[in-house]
>>> print(open('work-v6.pdb').read())   # PDB, C-alpha atoms, pLDDT in the B column
ATOM      1  CA  MET A   1      71.979  49.544 122.226  1.00 55.00           C
ATOM      2  CA  ALA A   2      72.843  52.709 124.162  1.00 63.00           C
ATOM      3  CA  ALA A   3      73.936  54.376 120.935  1.00 67.00           C
ATOM      4  CA  VAL A   4      70.644  53.496 119.277  1.00 64.00           C
ATOM      5  CA  LEU A   5      68.644  54.905 122.182  1.00 60.00           C
ATOM      6  CA  LYS A   6      70.784  58.036 122.265  1.00 65.00           C
ATOM      7  CA  LYS A   7      70.260  58.579 118.569  1.00 63.00           C
ATOM      8  CA  ALA A   8      66.526  57.999 118.936  1.00 59.00           C
ATOM      9  CA  LEU A   9      66.299  60.349 121.918  1.00 57.00           C
ATOM     10  CA  GLN A  10      68.125  63.081 120.069  1.00 58.00           C
ATOM     11  CA  LEU A  11      65.750  62.691 117.181  1.00 56.00           C
ATOM     12  CA  LEU A  12      62.746  62.836 119.428  1.00 53.00           C
ATOM     13  CA  THR A  13      63.742  65.669 121.713  1.00 51.00           C
ATOM     14  CA  GLY A  14      65.600  67.691 119.141  1.00 50.00           C
ATOM     15  CA  ASN A  15      68.138  68.892 121.686  1.00 47.00           C
ATOM     16  CA  ASP A  16      70.798  69.344 119.092  1.00 45.00           C
ATOM     17  CA  PRO A  17      71.515  73.035 118.330  1.00 39.00           C
ATOM     18  CA  ASP A  18      71.288  72.273 114.618  1.00 41.00           C
ATOM     19  CA  SER A  19      67.936  70.598 114.904  1.00 38.00           C
ATOM     20  CA  LEU A  20      64.961  71.667 112.863  1.00 39.00           C
ATOM     21  CA  SER A  21      62.041  72.258 115.158  1.00 41.00           C
ATOM     22  CA  ASN A  22      59.092  71.197 113.043  1.00 49.00           C
ATOM     23  CA  PHE A  23      61.064  72.605 110.159  1.00 55.00           C
ATOM     24  CA  LYS A  24      60.301  76.214 111.018  1.00 58.00           C
ATOM     25  CA  VAL A  25      63.818  77.153 110.113  1.00 61.00           C
ATOM     26  CA  SER A  26      65.644  80.257 109.096  1.00 64.00           C
ATOM     27  CA  LYS A  27      66.286  80.893 105.433  1.00 67.00           C
ATOM     28  CA  LYS A  28      69.965  80.428 106.133  1.00 67.00           C
ATOM     29  CA  ARG A  29      69.392  76.955 107.562  1.00 69.00           C
ATOM     30  CA  ALA A  30      67.083  76.011 104.737  1.00 72.00           C
ATOM     31  CA  LEU A  31      69.936  76.605 102.340  1.00 77.00           C
ATOM     32  CA  LYS A  32      72.307  74.254 104.158  1.00 86.00           C
ATOM     33  CA  ALA A  33      72.692  70.648 103.135  1.00 89.00           C
ATOM     34  CA  LEU A  34      70.338  68.338 105.012  1.00 90.00           C
ATOM     35  CA  THR A  35      71.673  65.891 107.542  1.00 92.00           C
ATOM     36  CA  GLU A  36      70.476  62.329 107.968  1.00 92.00           C
ATOM     37  CA  ARG A  37      68.753  63.337 111.170  1.00 91.00           C
ATOM     38  CA  GLU A  38      66.799  66.090 109.490  1.00 91.00           C
ATOM     39  CA  LEU A  39      65.699  63.675 106.792  1.00 93.00           C
ATOM     40  CA  ILE A  40      64.470  61.283 109.470  1.00 94.00           C
ATOM     41  CA  GLN A  41      62.501  64.117 111.049  1.00 91.00           C
ATOM     42  CA  LEU A  42      60.886  64.865 107.722  1.00 92.00           C
ATOM     43  CA  GLU A  43      60.021  61.195 107.362  1.00 94.00           C
ATOM     44  CA  SER A  44      58.550  61.132 110.839  1.00 94.00           C
ATOM     45  CA  GLU A  45      56.104  63.876 109.842  1.00 91.00           C
ATOM     46  CA  ILE A  46      54.608  61.310 107.514  1.00 94.00           C
ATOM     47  CA  GLY A  47      55.064  58.406 109.914  1.00 94.00           C
ATOM     48  CA  ALA A  48      53.114  60.172 112.659  1.00 92.00           C
ATOM     49  CA  GLN A  49      50.054  60.423 110.413  1.00 91.00           C
ATOM     50  CA  LEU A  50      49.847  56.736 109.597  1.00 91.00           C
ATOM     51  CA  PHE A  51      48.051  55.668 112.743  1.00 86.00           C
ATOM     52  CA  GLY A  52      45.089  57.997 112.571  1.00 84.00           C
ATOM     53  CA  PRO A  53      44.466  61.449 114.012  1.00 86.00           C
ATOM     54  CA  ILE A  54      46.760  62.586 116.807  1.00 85.00           C
ATOM     55  CA  PRO A  55      44.715  63.671 119.848  1.00 85.00           C
ATOM     56  CA  LYS A  56      45.105  67.261 121.007  1.00 84.00           C
ATOM     57  CA  GLY A  57      48.057  67.624 123.330  1.00 84.00           C
ATOM     58  CA  HIS A  58      49.648  64.425 122.047  1.00 89.00           C
ATOM     59  CA  ARG A  59      52.837  64.131 120.113  1.00 90.00           C
ATOM     60  CA  ARG A  60      53.609  61.122 118.013  1.00 92.00           C
ATOM     61  CA  GLU A  61      56.657  60.069 116.052  1.00 93.00           C
ATOM     62  CA  PHE A  62      57.099  57.011 113.918  1.00 94.00           C
ATOM     63  CA  PHE A  63      60.221  56.601 111.845  1.00 95.00           C
ATOM     64  CA  ASN A  64      62.918  54.348 110.535  1.00 95.00           C
ATOM     65  CA  LEU A  65      66.065  54.924 112.568  1.00 94.00           C
ATOM     66  CA  ASP A  66      68.466  52.697 110.676  1.00 92.00           C
ATOM     67  CA  ALA A  67      68.353  49.648 108.440  1.00 91.00           C
ATOM     68  CA  ASN A  68      67.030  47.416 111.222  1.00 94.00           C
ATOM     69  CA  THR A  69      65.266  49.730 113.668  1.00 94.00           C
ATOM     70  CA  TRP A  70      61.875  51.406 113.706  1.00 95.00           C
ATOM     71  CA  ILE A  71      60.733  53.719 116.506  1.00 94.00           C
ATOM     72  CA  TRP A  72      57.260  54.609 117.729  1.00 93.00           C
ATOM     73  CA  TYR A  73      57.098  57.402 120.274  1.00 92.00           C
ATOM     74  CA  GLU A  74      54.014  58.801 121.991  1.00 90.00           C
ATOM     75  CA  GLU A  75      53.947  61.789 124.311  1.00 91.00           C
ATOM     76  CA  SER A  76      50.917  63.091 126.176  1.00 90.00           C
ATOM     77  CA  LEU A  77      49.825  64.536 129.503  1.00 87.00           C
ATOM     78  CA  ASP A  78      48.296  62.341 132.154  1.00 86.00           C
ATOM     79  CA  ALA A  79      45.268  63.308 134.278  1.00 85.00           C
ATOM     80  CA  SER A  80      47.408  65.342 136.612  1.00 89.00           C
ATOM     81  CA  GLY A  81      49.011  67.225 133.744  1.00 85.00           C
ATOM     82  CA  LYS A  82      52.327  65.446 133.963  1.00 87.00           C
ATOM     83  CA  PRO A  83      54.012  64.462 130.719  1.00 87.00           C
ATOM     84  CA  LYS A  84      53.730  60.785 129.906  1.00 89.00           C
ATOM     85  CA  THR A  85      55.879  59.171 127.253  1.00 90.00           C
ATOM     86  CA  SER A  86      56.042  55.772 125.667  1.00 90.00           C
ATOM     87  CA  THR A  87      58.708  54.516 123.301  1.00 92.00           C
ATOM     88  CA  THR A  88      58.558  51.269 121.406  1.00 93.00           C
ATOM     89  CA  ARG A  89      61.447  50.020 119.364  1.00 94.00           C
ATOM     90  CA  TYR A  90      61.023  47.419 116.650  1.00 95.00           C
ATOM     91  CA  GLU A  91      64.163  45.543 115.690  1.00 95.00           C
ATOM     92  CA  VAL A  92      64.356  43.554 112.479  1.00 95.00           C
ATOM     93  CA  GLN A  93      66.145  40.338 113.309  1.00 95.00           C
ATOM     94  CA  ASP A  94      66.767  37.080 111.444  1.00 92.00           C
ATOM     95  CA  LYS A  95      64.015  35.351 113.425  1.00 92.00           C
ATOM     96  CA  GLY A  96      61.425  38.091 113.107  1.00 94.00           C
ATOM     97  CA  ILE A  97      60.624  41.525 114.477  1.00 95.00           C
ATOM     98  CA  LEU A  98      61.504  42.055 118.101  1.00 95.00           C
ATOM     99  CA  LYS A  99      59.350  44.573 119.946  1.00 95.00           C
ATOM    100  CA  VAL A 100      61.243  46.293 122.734  1.00 93.00           C
ATOM    101  CA  GLN A 101      59.433  48.417 125.293  1.00 91.00           C
ATOM    102  CA  GLU A 102      60.383  50.133 128.480  1.00 84.00           C
ATOM    103  CA  GLY A 103      60.816  47.873 131.461  1.00 81.00           C
ATOM    104  CA  ALA A 104      62.842  45.325 129.501  1.00 80.00           C
ATOM    105  CA  ARG A 105      59.799  43.886 127.769  1.00 84.00           C
ATOM    106  CA  TYR A 106      60.803  41.946 124.696  1.00 90.00           C
ATOM    107  CA  THR A 107      58.416  40.086 122.427  1.00 93.00           C
ATOM    108  CA  PHE A 108      58.534  38.893 118.849  1.00 95.00           C
ATOM    109  CA  LEU A 109      55.649  40.342 116.890  1.00 95.00           C
ATOM    110  CA  GLU A 110      53.051  37.952 115.536  1.00 94.00           C
ATOM    111  CA  GLY A 111      49.464  37.860 114.322  1.00 93.00           C
ATOM    112  CA  GLN A 112      47.531  41.042 113.743  1.00 93.00           C
ATOM    113  CA  GLU A 113      50.169  43.231 115.355  1.00 94.00           C
ATOM    114  CA  LEU A 114      52.769  41.990 112.890  1.00 94.00           C
ATOM    115  CA  LYS A 115      50.373  42.605 110.010  1.00 92.00           C
ATOM    116  CA  ASN A 116      49.614  46.116 111.231  1.00 92.00           C
ATOM    117  CA  LEU A 117      53.261  47.083 111.576  1.00 94.00           C
ATOM    118  CA  THR A 118      54.140  45.599 108.198  1.00 94.00           C
ATOM    119  CA  LEU A 119      51.328  47.520 106.563  1.00 93.00           C
ATOM    120  CA  ALA A 120      52.280  50.759 108.332  1.00 94.00           C
ATOM    121  CA  VAL A 121      55.901  50.390 107.247  1.00 95.00           C
ATOM    122  CA  GLN A 122      54.909  49.735 103.663  1.00 94.00           C
ATOM    123  CA  VAL A 123      52.694  52.817 103.575  1.00 94.00           C
ATOM    124  CA  TYR A 124      55.478  54.830 105.262  1.00 96.00           C
ATOM    125  CA  TYR A 125      57.922  53.694 102.621  1.00 95.00           C
ATOM    126  CA  GLU A 126      55.573  54.439  99.726  1.00 94.00           C
ATOM    127  CA  ARG A 127      54.770  57.927 100.980  1.00 94.00           C
ATOM    128  CA  VAL A 128      58.287  58.858 102.096  1.00 95.00           C
ATOM    129  CA  MET A 129      59.797  57.773  98.799  1.00 94.00           C
ATOM    130  CA  ARG A 130      57.206  59.626  96.755  1.00 92.00           C
ATOM    131  CA  ASP A 131      56.556  62.718  98.878  1.00 92.00           C
ATOM    132  CA  ILE A 132      59.993  63.408 100.340  1.00 93.00           C
ATOM    133  CA  TYR A 133      62.538  61.853  98.007  1.00 92.00           C
ATOM    134  CA  HIS A 134      60.383  62.037  94.914  1.00 90.00           C
ATOM    135  CA  ARG A 135      61.410  58.555  93.834  1.00 90.00           C
ATOM    136  CA  ASP A 136      59.570  55.477  92.719  1.00 90.00           C
ATOM    137  CA  PRO A 137      59.417  53.183  95.775  1.00 90.00           C
ATOM    138  CA  HIS A 138      59.754  50.073  93.641  1.00 87.00           C
ATOM    139  CA  THR A 139      62.574  51.030  91.308  1.00 86.00           C
ATOM    140  CA  GLY A 140      64.254  53.865  93.222  1.00 85.00           C
ATOM    141  CA  GLN A 141      64.205  55.907  90.001  1.00 84.00           C
ATOM    142  CA  LYS A 142      63.436  59.626  90.163  1.00 82.00           C
ATOM    143  CA  LEU A 143      59.807  60.418  89.445  1.00 83.00           C
ATOM    144  CA  VAL A 144      59.206  62.713  86.507  1.00 73.00           C
TER     145      VAL A 144
ATOM    146  CA  MET B   1      88.439 -10.518  54.094  1.00 45.00           C
ATOM    147  CA  SER B   2      86.417  -7.532  53.121  1.00 46.00           C
ATOM    148  CA  GLU B   3      87.377  -4.050  53.923  1.00 47.00           C
ATOM    149  CA  LEU B   4      84.612  -3.969  56.586  1.00 50.00           C
ATOM    150  CA  ASN B   5      86.160  -6.831  58.479  1.00 53.00           C
ATOM    151  CA  HIS B   6      89.352  -4.915  59.050  1.00 57.00           C
ATOM    152  CA  PRO B   7      89.312  -2.748  62.057  1.00 54.00           C
ATOM    153  CA  SER B   8      89.126   0.810  60.840  1.00 60.00           C
ATOM    154  CA  SER B   9      91.089   3.587  62.415  1.00 56.00           C
ATOM    155  CA  ILE B  10      87.912   4.662  64.191  1.00 53.00           C
ATOM    156  CA  ASP B  11      87.443   1.167  65.644  1.00 58.00           C
ATOM    157  CA  ARG B  12      91.010   1.152  66.748  1.00 58.00           C
ATOM    158  CA  ALA B  13      90.561   4.476  68.390  1.00 53.00           C
ATOM    159  CA  VAL B  14      87.424   3.231  70.166  1.00 52.00           C
ATOM    160  CA  ASN B  15      89.174   0.068  71.246  1.00 55.00           C
ATOM    161  CA  ALA B  16      92.063   2.119  72.537  1.00 51.00           C
ATOM    162  CA  THR B  17      89.688   3.989  74.809  1.00 48.00           C
ATOM    163  CA  GLU B  18      88.314   0.814  76.300  1.00 50.00           C
ATOM    164  CA  PHE B  19      89.375   1.070  79.882  1.00 46.00           C
ATOM    165  CA  THR B  20      89.983  -1.887  82.038  1.00 48.00           C
ATOM    166  CA  SER B  21      87.669  -2.798  84.844  1.00 48.00           C
ATOM    167  CA  GLY B  22      88.147  -0.515  87.773  1.00 46.00           C
ATOM    168  CA  ASP B  23      88.522   2.624  85.739  1.00 45.00           C
ATOM    169  CA  GLN B  24      85.838   5.184  86.292  1.00 47.00           C
ATOM    170  CA  LEU B  25      85.015   5.608  82.608  1.00 46.00           C
ATOM    171  CA  ASP B  26      84.218   2.888  80.165  1.00 48.00           C
ATOM    172  CA  LEU B  27      83.996   4.360  76.711  1.00 48.00           C
ATOM    173  CA  HIS B  28      83.630   1.135  74.838  1.00 55.00           C
ATOM    174  CA  ALA B  29      81.302   1.644  71.911  1.00 59.00           C
ATOM    175  CA  ALA B  30      78.615  -0.596  73.396  1.00 59.00           C
ATOM    176  CA  ASN B  31      78.655   1.297  76.656  1.00 59.00           C
ATOM    177  CA  VAL B  32      78.548   4.623  74.852  1.00 61.00           C
ATOM    178  CA  GLU B  33      75.493   3.407  72.936  1.00 64.00           C
ATOM    179  CA  LEU B  34      73.923   2.245  76.200  1.00 63.00           C
ATOM    180  CA  SER B  35      74.501   5.662  77.704  1.00 65.00           C
ATOM    181  CA  TYR B  36      72.874   7.296  74.686  1.00 65.00           C
ATOM    182  CA  GLU B  37      69.888   4.994  75.075  1.00 68.00           C
ATOM    183  CA  GLU B  38      69.578   5.935  78.758  1.00 69.00           C
ATOM    184  CA  LEU B  39      69.734   9.572  77.800  1.00 68.00           C
ATOM    185  CA  ARG B  40      67.030   9.139  75.167  1.00 69.00           C
ATOM    186  CA  GLN B  41      64.874   7.291  77.679  1.00 69.00           C
ATOM    187  CA  SER B  42      65.315  10.023  80.235  1.00 68.00           C
ATOM    188  CA  GLU B  43      64.343  12.635  77.609  1.00 68.00           C
ATOM    189  CA  ARG B  44      61.218  10.645  76.781  1.00 67.00           C
ATOM    190  CA  LEU B  45      60.287  10.490  80.443  1.00 65.00           C
ATOM    191  CA  THR B  46      60.830  14.225  80.810  1.00 66.00           C
ATOM    192  CA  ASP B  47      58.644  14.884  77.776  1.00 65.00           C
ATOM    193  CA  GLU B  48      55.933  12.653  79.199  1.00 64.00           C
ATOM    194  CA  ALA B  49      56.154  14.360  82.579  1.00 64.00           C
ATOM    195  CA  LEU B  50      55.824  17.755  80.936  1.00 62.00           C
ATOM    196  CA  ASN B  51      53.063  16.682  78.623  1.00 62.00           C
ATOM    197  CA  GLY B  52      50.341  19.293  78.677  1.00 58.00           C
ATOM    198  CA  VAL B  53      52.348  21.800  80.679  1.00 61.00           C
ATOM    199  CA  ASP B  54      52.894  25.116  78.972  1.00 64.00           C
ATOM    200  CA  THR B  55      56.590  25.897  78.676  1.00 65.00           C
ATOM    201  CA  GLN B  56      55.933  29.555  79.415  1.00 67.00           C
ATOM    202  CA  GLN B  57      54.204  28.500  82.603  1.00 66.00           C
ATOM    203  CA  ILE B  58      57.355  26.672  83.690  1.00 60.00           C
ATOM    204  CA  ILE B  59      59.498  29.714  82.905  1.00 65.00           C
ATOM    205  CA  ASN B  60      57.111  31.934  84.840  1.00 67.00           C
ATOM    206  CA  GLU B  61      57.289  29.621  87.830  1.00 63.00           C
ATOM    207  CA  VAL B  62      61.082  29.678  87.787  1.00 62.00           C
ATOM    208  CA  GLN B  63      61.205  33.438  87.434  1.00 64.00           C
ATOM    209  CA  ARG B  64      58.496  34.093  90.004  1.00 63.00           C
ATOM    210  CA  PRO B  65      59.937  36.422  92.645  1.00 62.00           C
ATOM    211  CA  VAL B  66      60.334  34.807  96.020  1.00 66.00           C
ATOM    212  CA  GLU B  67      57.814  36.155  98.499  1.00 74.00           C
ATOM    213  CA  LEU B  68      59.524  37.890 101.386  1.00 83.00           C
ATOM    214  CA  LEU B  69      58.535  37.261 104.951  1.00 88.00           C
ATOM    215  CA  PRO B  70      57.294  40.369 106.814  1.00 89.00           C
ATOM    216  CA  HIS B  71      60.525  40.898 108.715  1.00 90.00           C
ATOM    217  CA  GLN B  72      62.559  40.433 105.553  1.00 90.00           C
ATOM    218  CA  ARG B  73      60.375  43.017 103.821  1.00 91.00           C
ATOM    219  CA  LEU B  74      60.906  45.461 106.678  1.00 93.00           C
ATOM    220  CA  GLY B  75      64.626  44.857 106.524  1.00 93.00           C
ATOM    221  CA  GLN B  76      64.656  45.525 102.811  1.00 92.00           C
ATOM    222  CA  ILE B  77      62.685  48.757 103.246  1.00 94.00           C
ATOM    223  CA  GLY B  78      65.067  49.869 105.997  1.00 94.00           C
ATOM    224  CA  LEU B  79      68.047  49.280 103.734  1.00 93.00           C
ATOM    225  CA  ASN B  80      66.407  51.144 100.863  1.00 93.00           C
ATOM    226  CA  LEU B  81      65.659  54.141 103.072  1.00 94.00           C
ATOM    227  CA  GLN B  82      69.216  54.181 104.385  1.00 93.00           C
ATOM    228  CA  SER B  83      70.502  54.095 100.879  1.00 92.00           C
ATOM    229  CA  VAL B  84      68.317  56.995  99.701  1.00 92.00           C
ATOM    230  CA  ARG B  85      69.147  59.093 102.759  1.00 93.00           C
ATOM    231  CA  SER B  86      72.863  58.527 102.287  1.00 91.00           C
ATOM    232  CA  HIS B  87      72.542  59.566  98.671  1.00 90.00           C
ATOM    233  CA  VAL B  88      70.624  62.748  99.565  1.00 91.00           C
ATOM    234  CA  VAL B  89      73.106  63.684 102.304  1.00 92.00           C
ATOM    235  CA  ALA B  90      76.086  62.986 100.045  1.00 91.00           C
ATOM    236  CA  SER B  91      74.504  65.078  97.281  1.00 88.00           C
ATOM    237  CA  GLY B  92      74.249  68.083  99.625  1.00 89.00           C
ATOM    238  CA  VAL B  93      70.533  68.598  98.983  1.00 88.00           C
ATOM    239  CA  THR B  94      69.067  71.472 101.017  1.00 89.00           C
ATOM    240  CA  LEU B  95      65.679  71.659 102.671  1.00 86.00           C
ATOM    241  CA  GLN B  96      64.702  74.369 100.226  1.00 84.00           C
ATOM    242  CA  GLN B  97      65.568  72.155  97.272  1.00 83.00           C
ATOM    243  CA  LEU B  98      63.787  69.174  98.740  1.00 81.00           C
ATOM    244  CA  THR B  99      60.633  71.117  99.585  1.00 77.00           C
ATOM    245  CA  SER B 100      60.593  72.789  96.195  1.00 74.00           C
ATOM    246  CA  ILE B 101      60.737  69.346  94.601  1.00 58.00           C
ATOM    247  CA  ARG B 102      57.932  68.242  96.897  1.00 53.00           C
ATOM    248  CA  SER B 103      55.938  71.352  96.078  1.00 55.00           C
ATOM    249  CA  ASP B 104      56.436  70.812  92.337  1.00 55.00           C
ATOM    250  CA  ALA B 105      55.369  67.221  92.700  1.00 51.00           C
ATOM    251  CA  HIS B 106      52.188  68.217  94.534  1.00 51.00           C
ATOM    252  CA  HIS B 107      51.345  70.852  91.938  1.00 54.00           C
ATOM    253  CA  SER B 108      51.835  68.434  89.092  1.00 50.00           C
ATOM    254  CA  ARG B 109      49.306  65.976  90.529  1.00 48.00           C
TER     255      ARG B 109
END
>>> encode(input="work-v6.pdb", output="structure tokens")
Amino acid sequence: MAAVLKKALQLLTGNDPDSLSNFKVSKKRALKALTERELIQLESEIGAQLFGPIPKGHRREFFNLDANTWIWYEESLDASGKPKTSTTRYEVQDKGILKVQEGARYTFLEGQELKNLTLAVQVYYERVMRDIYHRDPHTGQKLV
Amino acid sequence: MSELNHPSSIDRAVNATEFTSGDQLDLHAANVELSYEELRQSERLTDEALNGVDTQQIINEVQRPVELLPHQRLGQIGLNLQSVRSHVVASGVTLQQLTSIRSDAHHSR
């Protein structure tokens, strides 16, 4: 679990020297082979847009971390101007989707929340496959 | 005695396969015929049961993809994404290449 959180944190904070900060990268970097992490960041650009407009001063990330983990991250400033963050991890398990939030809150998704996440993930997948990887989401074949 | 009253070689062969009680198979001619009759009866019942049902409909039902539960669908999507990412990383695709593909795709819409 620590490894998953570390990976997620690195993705979110971009504290790796090789990271692409919003993909404003040098020409030299743009010519280097992409890493998995950079691909996830590209995907998150799409993921962040799936839940409506992002309020000014907010930062949102939504992405697939690995085969069984999805991350939703929100960052904003509270009334006193202090940064406020919220991370929710969704784990795909045999019994369902486990929602894990800070403070050791664990719940299996159900009802409307489950429907909403499923829909968001399907839209994410459709758009990421078409817009980033240029592949048909259903067959995996390259789009012509 | 006519020729028909003599046991033919086929009859002898059938008699030779008549197993004694306690064996699992009893291939005596009468039992074989009984088995055939049971088979025919079972075919008739099947035909009656399927009466009026379109064969193509049955095939479609069998081939109908199994609906995935939401968490199974998410798991499948996660695996697909992992697979595509691994392929892209292994292929050494650059950001420039990827964005040019994306740009081409947008222009072609």
>>> closest_atom_pairs(input="work-v6.pdb", of="chain A", to="chain B", cutoff="9 Å", atoms="only C-alpha atoms", output="Markdown table")
| residue | atom | partner | partner_atom | distance |
| --- | --- | --- | --- | --- |
| A:Phe23 | CA | B:Leu95 | CA | 8.8 |
| A:Lys27 | CA | B:Gln96 | CA | 8.5 |
| A:Arg29 | CA | B:Leu95 | CA | 8.1 |
| A:Ala30 | CA | B:Leu95 | CA | 5.0 |
| A:Leu31 | CA | B:Thr94 | CA | 5.4 |
| A:Lys32 | CA | B:Thr94 | CA | 5.3 |
| A:Ala33 | CA | B:Thr94 | CA | 4.3 |
| A:Leu34 | CA | B:Thr94 | CA | 5.2 |
| A:Thr35 | CA | B:Val89 | CA | 5.9 |
| A:Glu36 | CA | B:Arg85 | CA | 6.3 |
| A:Glu38 | CA | B:Leu95 | CA | 8.9 |
| A:Leu39 | CA | B:Arg85 | CA | 7.0 |
| A:Ile40 | CA | B:Arg85 | CA | 8.5 |
| A:Asn64 | CA | B:Gly78 | CA | 6.7 |
| A:Leu65 | CA | B:Gly78 | CA | 8.4 |
| A:Asp66 | CA | B:Gly78 | CA | 6.4 |
| A:Ala67 | CA | B:Gly78 | CA | 4.1 |
| A:Asn68 | CA | B:Gly75 | CA | 5.9 |
| A:Thr69 | CA | B:Gly78 | CA | 7.7 |
| A:Trp70 | CA | B:Gly78 | CA | 8.5 |
| A:Val92 | CA | B:His71 | CA | 6.0 |
| A:Gln93 | CA | B:His71 | CA | 7.3 |
| A:Asp94 | CA | B:His71 | CA | 7.8 |
| A:Lys95 | CA | B:His71 | CA | 8.1 |
| A:Gly96 | CA | B:His71 | CA | 5.3 |
| A:Ile97 | CA | B:His71 | CA | 5.8 |
| A:Leu114 | CA | B:Pro70 | CA | 7.7 |
| A:Lys115 | CA | B:Pro70 | CA | 7.9 |
| A:Thr118 | CA | B:Pro70 | CA | 6.3 |
| A:Val121 | CA | B:Leu74 | CA | 7.0 |
| A:Gln122 | CA | B:Ile77 | CA | 7.8 |
| A:Tyr125 | CA | B:Ile77 | CA | 6.9 |
| A:Val128 | CA | B:Leu81 | CA | 8.8 |
| A:Met129 | CA | B:Leu81 | CA | 8.1 |
| A:Arg130 | CA | B:Arg102 | CA | 8.6 |
| A:Asp131 | CA | B:Arg102 | CA | 6.0 |
| A:Ile132 | CA | B:Arg102 | CA | 6.3 |
| A:Tyr133 | CA | B:Leu98 | CA | 7.5 |
| A:His134 | CA | B:Arg102 | CA | 7.0 |
| A:Pro137 | CA | B:Asn80 | CA | 8.9 |
| A:Gly140 | CA | B:Val84 | CA | 8.3 |
| A:Leu143 | CA | B:Ala105 | CA | 8.8 |
| A:Val144 | CA | B:Ala105 | CA | 8.6 |
>>> atom_distance(input="work-v6.pdb", atom1="CA of Thr85 in chain A", atom2="CA of Ile54 in chain A")
14.3 Å
>>> residues_around(input="work-v6.pdb", residues="Leu50 in chain A", least_positions_apart="4", cutoff="9 Å", atoms="all atoms listed in the file", output="mmCIF file with C-alpha atoms, in the coordinates of the input")
data_model
loop_
_atom_site.group_PDB
_atom_site.id
_atom_site.type_symbol
_atom_site.label_atom_id
_atom_site.label_comp_id
_atom_site.auth_asym_id
_atom_site.auth_seq_id
_atom_site.Cartn_x
_atom_site.Cartn_y
_atom_site.Cartn_z
ATOM 1 C CA ILE A 46 54.608 61.310 107.514
ATOM 2 C CA PHE A 62 57.099 57.011 113.918
ATOM 3 C CA ALA A 120 52.280 50.759 108.332
ATOM 4 C CA VAL A 123 52.694 52.817 103.575
ATOM 5 C CA TYR A 124 55.478 54.830 105.262
#
>>> atom_distance(input="work-v6.pdb", atom1="CA of Gly47 in chain A", atom2="CA of Thr88 in chain A")
14.0 Å
>>> residues_near_point(input="work-v6.pdb", point="(62.4, 48.5, 129.7)", cutoff="12 Å", atoms="only C-alpha atoms", output="list in words")
Leu5, Ser86, Thr87, Thr88, Arg89, Lys99, Val100, Gln101, Glu102, Gly103, Ala104, Arg105, Tyr106 and Thr107 of chain A
>>> atom_distance(input="work-v6.pdb", atom1="CA of Thr139 in chain A", atom2="CA of Ser44 in chain A")
22.4 Å
>>> residues_around(input="work-v6.pdb", residues="His138 in chain A", least_positions_apart="3", cutoff="9 Å", atoms="only C-alpha atoms", output="PyMOL selection string")
chain A and resi 126+135+141
>>> resolve_selection(input="work-v6.pdb", expression="the PyMOL selection byres ((chain A and resi 61) around 10)", output="number ranges by chain")
A: 11-12, 41, 43-50, 59-60, 62-63, 71-75, 87
